[in-house]
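work_35.csv, holding CSV, C-alpha atoms:
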chain,number,residue,atom,x,y,z
V,1,MET,CA,-8.2,2.8,1.1
V,2,ARG,CA,-8.7,6.0,3.1
V,3,GLN,CA,-10.8,5.6,6.2
V,4,THR,CA,-14.2,7.1,7.1
V,5,HIS,CA,-16.0,7.2,10.4
V,6,THR,CA,-19.3,5.3,10.7
V,7,GLU,CA,-22.6,6.8,11.7
V,8,ASN,CA,-26.1,6.0,10.7
V,9,THR,CA,-28.3,9.0,9.7
V,10,SER,CA,-30.0,7.6,6.6
V,11,ALA,CA,-33.7,8.4,6.5
V,12,MET,CA,-34.6,5.7,3.9
V,13,PRO,CA,-33.6,2.0,4.2
V,14,SER,CA,-30.0,1.9,2.8
V,15,LEU,CA,-30.6,-0.8,0.2
V,16,GLN,CA,-33.5,1.3,-1.3
V,17,ARG,CA,-31.8,4.7,-1.0
V,18,TYR,CA,-28.4,3.9,-2.6
V,19,GLN,CA,-27.1,2.5,-5.8
V,20,VAL,CA,-23.4,1.5,-6.3
V,21,ARG,CA,-22.1,1.5,-9.9
V,22,PHE,CA,-19.2,2.7,-12.0
V,23,ALA,CA,-19.1,6.3,-13.0
V,24,SER,CA,-20.3,7.0,-16.5
V,25,GLY,CA,-18.7,9.9,-18.1
V,26,THR,CA,-16.6,12.9,-17.2
V,27,ASN,CA,-19.3,14.7,-15.2
V,28,GLU,CA,-19.7,11.8,-12.7
V,29,ILE,CA,-15.9,11.4,-12.3
V,30,ARG,CA,-15.6,15.1,-11.6
V,31,ALA,CA,-18.4,14.9,-9.0
V,32,ALA,CA,-16.5,12.1,-7.3
V,33,GLN,CA,-13.3,14.2,-7.4
V,34,LYS,CA,-15.1,17.1,-5.8
V,35,LEU,CA,-16.4,14.9,-3.0
V,36,ARG,CA,-12.9,13.6,-2.5
V,37,TYR,CA,-11.5,17.1,-2.2
V,38,GLN,CA,-14.2,18.2,0.2
V,39,ILE,CA,-13.5,15.3,2.5
V,40,PHE,CA,-9.7,15.1,2.3
V,41,ALA,CA,-8.9,18.8,2.2
V,42,HIS,CA,-11.7,20.4,4.3
V,43,GLU,CA,-12.4,17.6,6.7
V,44,TYR,CA,-9.1,15.9,7.2
V,45,GLY,CA,-6.8,18.9,6.3
V,46,ALA,CA,-4.9,17.2,3.5
V,47,SER,CA,-2.6,19.3,1.4
V,48,LEU,CA,-3.6,18.2,-2.1
V,49,GLN,CA,-1.5,18.8,-5.2
V,50,THR,CA,-4.4,19.1,-7.7
V,51,GLN,CA,-4.7,20.2,-11.3
V,52,GLU,CA,-7.9,22.1,-10.7
V,53,PRO,CA,-9.1,24.0,-7.5
V,54,GLY,CA,-11.8,22.2,-5.6
V,55,LEU,CA,-11.2,18.8,-7.3
V,56,ASP,CA,-8.9,16.1,-6.1
V,57,ILE,CA,-7.2,15.0,-9.3
V,58,ASP,CA,-4.0,13.2,-9.8
V,59,PHE,CA,-2.1,11.4,-12.5
V,60,TYR,CA,-3.7,8.0,-11.8
V,61,ASP,CA,-7.3,9.1,-12.1
V,62,ALA,CA,-7.3,8.9,-15.9
V,63,TYR,CA,-6.4,5.2,-15.7
V,64,CYS,CA,-8.7,4.1,-12.9
V,65,GLU,CA,-12.3,2.9,-12.9
V,66,HIS,CA,-14.3,5.0,-10.5
V,67,LEU,CA,-16.9,3.4,-8.3
V,68,ILE,CA,-19.6,5.7,-7.0
V,69,VAL,CA,-22.4,5.6,-4.4
V,70,TRP,CA,-25.5,7.3,-5.9
V,71,ASP,CA,-28.0,8.7,-3.4
V,72,ILE,CA,-31.4,8.3,-5.1
V,73,GLN,CA,-33.1,10.6,-2.6
V,74,GLN,CA,-30.7,13.5,-3.2
V,75,SER,CA,-29.7,12.7,-6.8
V,76,SER,CA,-26.0,13.1,-5.9
V,77,ILE,CA,-22.8,11.1,-5.4
V,78,VAL,CA,-22.1,10.6,-1.7
V,79,GLY,CA,-19.3,8.0,-1.8
V,80,THR,CA,-16.5,6.8,-4.1
V,81,TYR,CA,-13.6,4.4,-4.6
V,82,ARG,CA,-11.2,4.2,-7.5
V,83,MET,CA,-9.8,1.0,-8.8
V,84,LEU,CA,-6.6,0.5,-10.8
V,85,SER,CA,-6.3,-2.8,-12.7
V,86,PRO,CA,-3.0,-4.7,-13.1
V,87,GLN,CA,-3.1,-4.0,-16.8
V,88,ALA,CA,-3.5,-0.2,-16.3
V,89,ALA,CA,-0.7,-0.3,-13.7
V,90,GLN,CA,1.5,-2.0,-16.1
V,91,ASN,CA,0.7,0.5,-18.9
V,92,ILE,CA,1.6,3.5,-16.7
V,93,GLY,CA,4.4,1.8,-14.9
V,94,SER,CA,3.3,1.7,-11.3
V,95,TYR,CA,0.5,1.5,-8.8
V,96,TYR,CA,-0.3,4.6,-6.8
V,97,SER,CA,0.9,3.0,-3.6
V,98,GLU,CA,4.3,2.6,-5.1
V,99,ASN,CA,4.9,6.2,-4.4
V,100,GLU,CA,4.9,5.3,-0.7
V,101,PHE,CA,6.1,1.7,-0.7
V,102,ASN,CA,8.7,-0.5,-2.5
V,103,PHE,CA,6.8,-3.3,-4.2
V,104,ALA,CA,9.8,-5.5,-5.0
V,105,ALA,CA,8.4,-8.4,-3.0
V,106,LEU,CA,5.1,-8.3,-4.9
V,107,GLN,CA,6.5,-8.8,-8.4
V,108,HIS,CA,5.4,-12.4,-8.6
V,109,ILE,CA,1.7,-11.5,-8.1
V,110,ARG,CA,1.5,-8.1,-10.0
V,111,PRO,CA,-0.8,-9.5,-12.8
V,112,LEU,CA,-3.3,-10.5,-10.1
V,113,ILE,CA,-3.5,-7.2,-8.1
V,114,VAL,CA,-6.2,-4.6,-8.1
V,115,GLU,CA,-5.4,-1.4,-6.3
V,116,VAL,CA,-8.2,0.4,-4.5
V,117,GLY,CA,-7.9,3.9,-3.1
V,118,ARG,CA,-9.3,7.4,-2.6
V,119,SER,CA,-12.1,5.9,-0.6
V,120,CYS,CA,-14.5,8.4,1.0
V,121,VAL,CA,-18.1,8.7,2.0
V,122,ALA,CA,-19.9,12.0,2.8
V,123,ALA,CA,-20.3,12.4,6.6
V,124,LYS,CA,-24.1,12.1,6.6
V,125,HIS,CA,-24.0,8.8,4.7
V,126,ARG,CA,-21.4,6.9,6.6
V,127,THR,CA,-23.4,3.8,7.4
V,128,GLY,CA,-22.4,0.2,7.5
V,129,SER,CA,-24.7,-0.5,4.6
V,130,VAL,CA,-23.0,2.0,2.3
V,131,ILE,CA,-19.6,0.6,3.1
V,132,ALA,CA,-20.9,-3.0,2.6
V,133,LEU,CA,-22.3,-2.0,-0.8
V,134,LEU,CA,-18.9,-0.6,-1.9
V,135,TRP,CA,-17.1,-3.6,-0.7
V,136,LYS,CA,-19.5,-5.9,-2.4
V,137,LYS,CA,-18.9,-4.2,-5.8
V,138,LEU,CA,-15.1,-4.4,-5.2
V,139,VAL,CA,-15.2,-8.1,-4.5
V,140,GLU,CA,-17.5,-8.7,-7.5
V,141,TYR,CA,-15.1,-6.8,-9.8
V,142,THR,CA,-12.1,-8.6,-8.5
V,143,LEU,CA,-13.5,-12.1,-8.8
V,144,SER,CA,-15.3,-11.6,-12.2
V,145,ASN,CA,-12.0,-10.4,-13.7
V,146,GLY,CA,-10.0,-13.3,-12.4
V,147,TYR,CA,-7.8,-11.2,-10.0
V,148,GLU,CA,-6.8,-12.5,-6.7
V,149,TYR,CA,-5.7,-9.6,-4.5
V,150,LEU,CA,-7.0,-6.2,-3.4
V,151,ILE,CA,-4.4,-3.8,-2.1
V,152,GLY,CA,-4.4,-0.2,-1.0
V,153,CYS,CA,-3.3,2.2,1.8
V,154,GLY,CA,-5.3,2.1,5.0
V,155,SER,CA,-4.8,5.5,6.5
V,156,ILE,CA,-4.6,6.5,10.1
V,157,PRO,CA,-4.9,10.2,11.0
V,158,MET,CA,-2.0,11.8,12.8
V,159,GLN,CA,-3.6,14.8,14.5
V,160,ASP,CA,-2.3,13.3,17.8
V,161,GLY,CA,1.3,13.3,16.5
V,162,GLY,CA,1.2,9.7,15.3
V,163,HIS,CA,0.9,8.0,18.7
V,164,ASN,CA,-2.3,6.1,17.8
V,165,ALA,CA,-0.8,5.0,14.5
V,166,ALA,CA,2.3,3.7,16.2
V,167,ASN,CA,0.4,1.9,18.9
V,168,LEU,CA,-2.0,0.5,16.3
V,169,TYR,CA,0.8,-0.9,14.1
V,170,ARG,CA,2.5,-2.6,17.1
V,171,ARG,CA,-0.8,-4.3,18.0
V,172,LEU,CA,-1.9,-5.3,14.5
V,173,SER,CA,1.5,-6.6,13.5
V,174,LYS,CA,1.2,-9.3,16.2
V,175,GLU,CA,-1.9,-10.9,14.5
V,176,HIS,CA,-2.3,-9.6,11.0
V,177,LEU,CA,1.2,-9.3,9.5
V,178,ALA,CA,1.5,-10.7,6.0
V,179,PRO,CA,3.9,-13.6,5.3
V,180,PRO,CA,7.4,-12.3,4.4
V,181,GLU,CA,6.8,-12.8,0.6
V,182,TYR,CA,4.0,-10.2,0.6
V,183,ARG,CA,5.7,-7.4,2.6
V,184,VAL,CA,6.5,-4.0,1.2
V,185,ILE,CA,9.0,-1.4,2.5
V,186,PRO,CA,7.9,2.2,3.1
V,187,TYR,CA,10.1,4.9,1.6
V,188,THR,CA,9.3,7.3,4.5
V,189,THR,CA,8.9,5.2,7.5
V,190,LEU,CA,6.8,6.3,10.5
V,191,PRO,CA,9.1,6.1,13.6
V,192,TYR,CA,6.6,4.0,15.4
V,193,GLU,CA,9.0,2.7,18.0
V,194,LYS,CA,9.6,6.2,19.2
V,195,LEU,CA,6.0,7.3,19.0
V,196,SER,CA,4.4,4.3,20.7
V,197,ASN,CA,3.1,4.7,24.2
V,198,ASP,CA,0.5,3.1,26.5
V,199,GLN,CA,-2.6,5.0,25.3
V,200,PRO,CA,-5.5,2.9,24.1
V,201,VAL,CA,-5.7,2.4,20.3
V,202,VAL,CA,-8.4,3.6,18.0
V,203,VAL,CA,-8.9,1.4,14.9
V,204,PRO,CA,-10.2,3.3,11.8
V,205,PRO,CA,-13.5,1.6,10.7
V,206,LEU,CA,-12.2,0.8,7.2
V,207,ILE,CA,-9.1,-0.9,8.5
V,208,LYS,CA,-11.1,-2.8,11.1
V,209,GLY,CA,-13.5,-4.0,8.4
V,210,TYR,CA,-10.7,-5.3,6.1
V,211,LEU,CA,-9.0,-7.1,8.9
V,212,ARG,CA,-12.2,-8.8,9.9
V,213,ALA,CA,-12.7,-9.9,6.4
V,214,GLY,CA,-9.3,-11.6,6.4
V,215,ALA,CA,-6.8,-8.9,5.1
V,216,TRP,CA,-3.1,-8.6,6.0
V,217,ILE,CA,-0.9,-5.7,7.0
V,218,CYS,CA,2.0,-5.8,4.6
V,219,GLY,CA,4.7,-4.3,6.8
V,220,GLU,CA,5.6,-1.1,8.6
V,221,PRO,CA,3.5,2.1,8.1
V,222,ALA,CA,4.6,4.9,5.8
V,223,TRP,CA,4.2,8.6,6.7
V,224,ASP,CA,2.1,10.5,4.1
V,225,LYS,CA,3.1,14.1,4.7
V,226,ASP,CA,0.5,15.5,2.2
V,227,PHE,CA,-2.4,13.8,3.8
V,228,ASN,CA,-0.9,13.9,7.4
V,229,THR,CA,-1.6,10.2,7.8
V,230,ALA,CA,0.3,7.0,8.6
V,231,ASP,CA,-0.5,4.6,5.8
V,232,LEU,CA,-0.6,0.8,6.2
V,233,MET,CA,-0.4,-1.3,3.1
V,234,ILE,CA,-3.4,-3.5,3.3
V,235,MET,CA,-3.7,-6.7,1.2
V,236,MET,CA,-6.9,-8.8,0.9
V,237,PRO,CA,-6.3,-12.1,-0.8
V,238,MET,CA,-9.6,-13.3,-2.2
V,239,SER,CA,-8.8,-16.8,-0.9
V,240,LYS,CA,-8.7,-15.5,2.6
V,241,VAL,CA,-12.0,-13.6,2.7
V,242,THR,CA,-13.9,-15.2,5.5
V,243,LYS,CA,-17.0,-17.2,4.7
V,244,ARG,CA,-19.2,-14.7,6.6
V,245,TYR,CA,-17.9,-11.7,4.6
V,246,HIS,CA,-17.9,-13.7,1.3
V,247,ARG,CA,-21.6,-14.4,1.8
V,248,ARG,CA,-22.3,-10.8,2.7
V,249,PHE,CA,-20.4,-9.3,-0.3
V,250,LEU,CA,-22.0,-11.6,-2.8
V,251,ASN,CA,-25.6,-11.6,-1.5
V,252,THR,CA,-26.2,-7.9,-0.7
V,253,LYS,CA,-28.4,-6.2,-3.3
V,254,ASN,CA,-27.3,-2.9,-4.9
V,255,ASN,CA,-30.6,-1.2,-5.2
Would you kindly transcribe this structure into structure tokens?
Amino acid sequence: MRQTHTENTSAMPSLQRYQVRFASGTNEIRAAQKLRYQIFAHEYGASLQTQEPGLDIDFYDAYCEHLIVWDIQQSSIVGTYRMLSPQAAQNIGSYYSENEFNFAALQHIRPLIVEVGRSCVAAKHRTGSVIALLWKKLVEYTLSNGYEYLIGCGSIPMQDGGHNAANLYRRLSKEHLAPPEYRVIPYTTLPYEKLSNDQPVVVPPLIKGYLRAGAWICGEPAWDKDFNTADLMIMMPMSKVTKRYHRRFLNTKNN
């Protein structure tokens, strides 16, 4: 669940300009990986360990389903998410987020968890409508397959040295912390107590959207050195999705 900023520059009405669907074939997956590389490496300065220059590829990609936003006007992919089902995670032995967090507390719900990640939208297409279309498809997929939880890392940039991330966690943990039975433990903990100060917090739009929809923060943030971010484990129980967001996810058209 990596964050994107929100701005509205779409020339056509969003619901007519964009389609959200699963990638069909290697070429579309590679196009999504190219978009990921451009945003994570060039825009956010991530140090990506990739199998092929110019593409963000990792071990988990081959086992994921790749959701894409297709721009009809430009005939190109302008947004993507990847989704790892509980069956796929079981087959390969882990979720991606388990590289950053100890999931011992989540063993009792593993068969019901869908992991989402590598979320990104091209800068000129970061509209509320595009994000809503992606989330709608995520919720449809989760519910239609009988899963009950969406999880993933909500990333906070650390260009300021981690102060905003520390302040943000201290604030969010007061209202959005998951019950103890759903908390995970970071392997590399962000020293948020040392980094917190009195500066105002900036909430990444993706994290803000999930929390408004009813998501939890599942414990302290991890420090992702490669992406230079502080990562919060986000969990969205489908039973907690607010009625307003539930209606929005299930009633928005895709085309």
Can you tell me which residues surround V:Gly25 at a distance of at most 12 Å, considering only C-alpha atoms, apart from same-chain residues fewer than 4 positions away, and format the answer as a ChimeraX atom specification? /V:29-32,62,65-68
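Closest approach to V:Asp61 from the set V:Val116, V:Ile217, V:Met158, V:Met235 is made by V:Val116, with distances taken over only C-alpha atoms.
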Which one is closest to V:Arg36: V:Cys64, V:Ala122, V:Ser76, V:Gln19? Count all atoms listed in the file. V:Ala122
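Each of V:Gly161, V:Ile72, V:Phe59, V:Leu232 was compared to V:Ser94 using all atoms listed in the file, and V:Phe59 turns out to be the nearest.
Among the candidates V:Tyr44, V:Tyr37, V:Tyr141, V:Tyr147, the residue lying nearest to V:Pro86 is V:Tyr147 (atoms considered: all atoms listed in the file).
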Using only C-alpha atoms, can you tell me which of V:Ala230, V:Met236, V:Leu190, V:Cys153 comes closest to V:Gly117? V:Cys153
At a cut-off of 10 Å, using only C-alpha atoms, what residues contact V:Gly162? Leave out same-chain residues fewer than 3 positions from it and give the result as a list of chain:residue names. V:Ile156, V:Pro157, V:Met158, V:Gln159, V:Ala165, V:Ala166, V:Asn167, V:Leu168, V:Leu190, V:Pro191, V:Tyr192, V:Lys194, V:Leu195, V:Ser196, V:Trp223, V:Asn228, V:Thr229, V:Ala230
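The space separating atom CA of V:Leu55 from atom CA of V:Met83 comes to 17.9 Å.
Minimum atom-to-atom distance to V:Asn99, evaluated using only C-alpha atoms, belongs to V:Tyr60 out of V:Gln33, V:Glu175, V:Val203, V:Tyr60.
A straight line drawn from atom CA of V:Gln73 to atom CA of V:Leu133 is 16.7 Å long.
One distance worth recording is that between atom CA of V:Ile131 and atom CA of V:Ser119, which is 9.9 Å.
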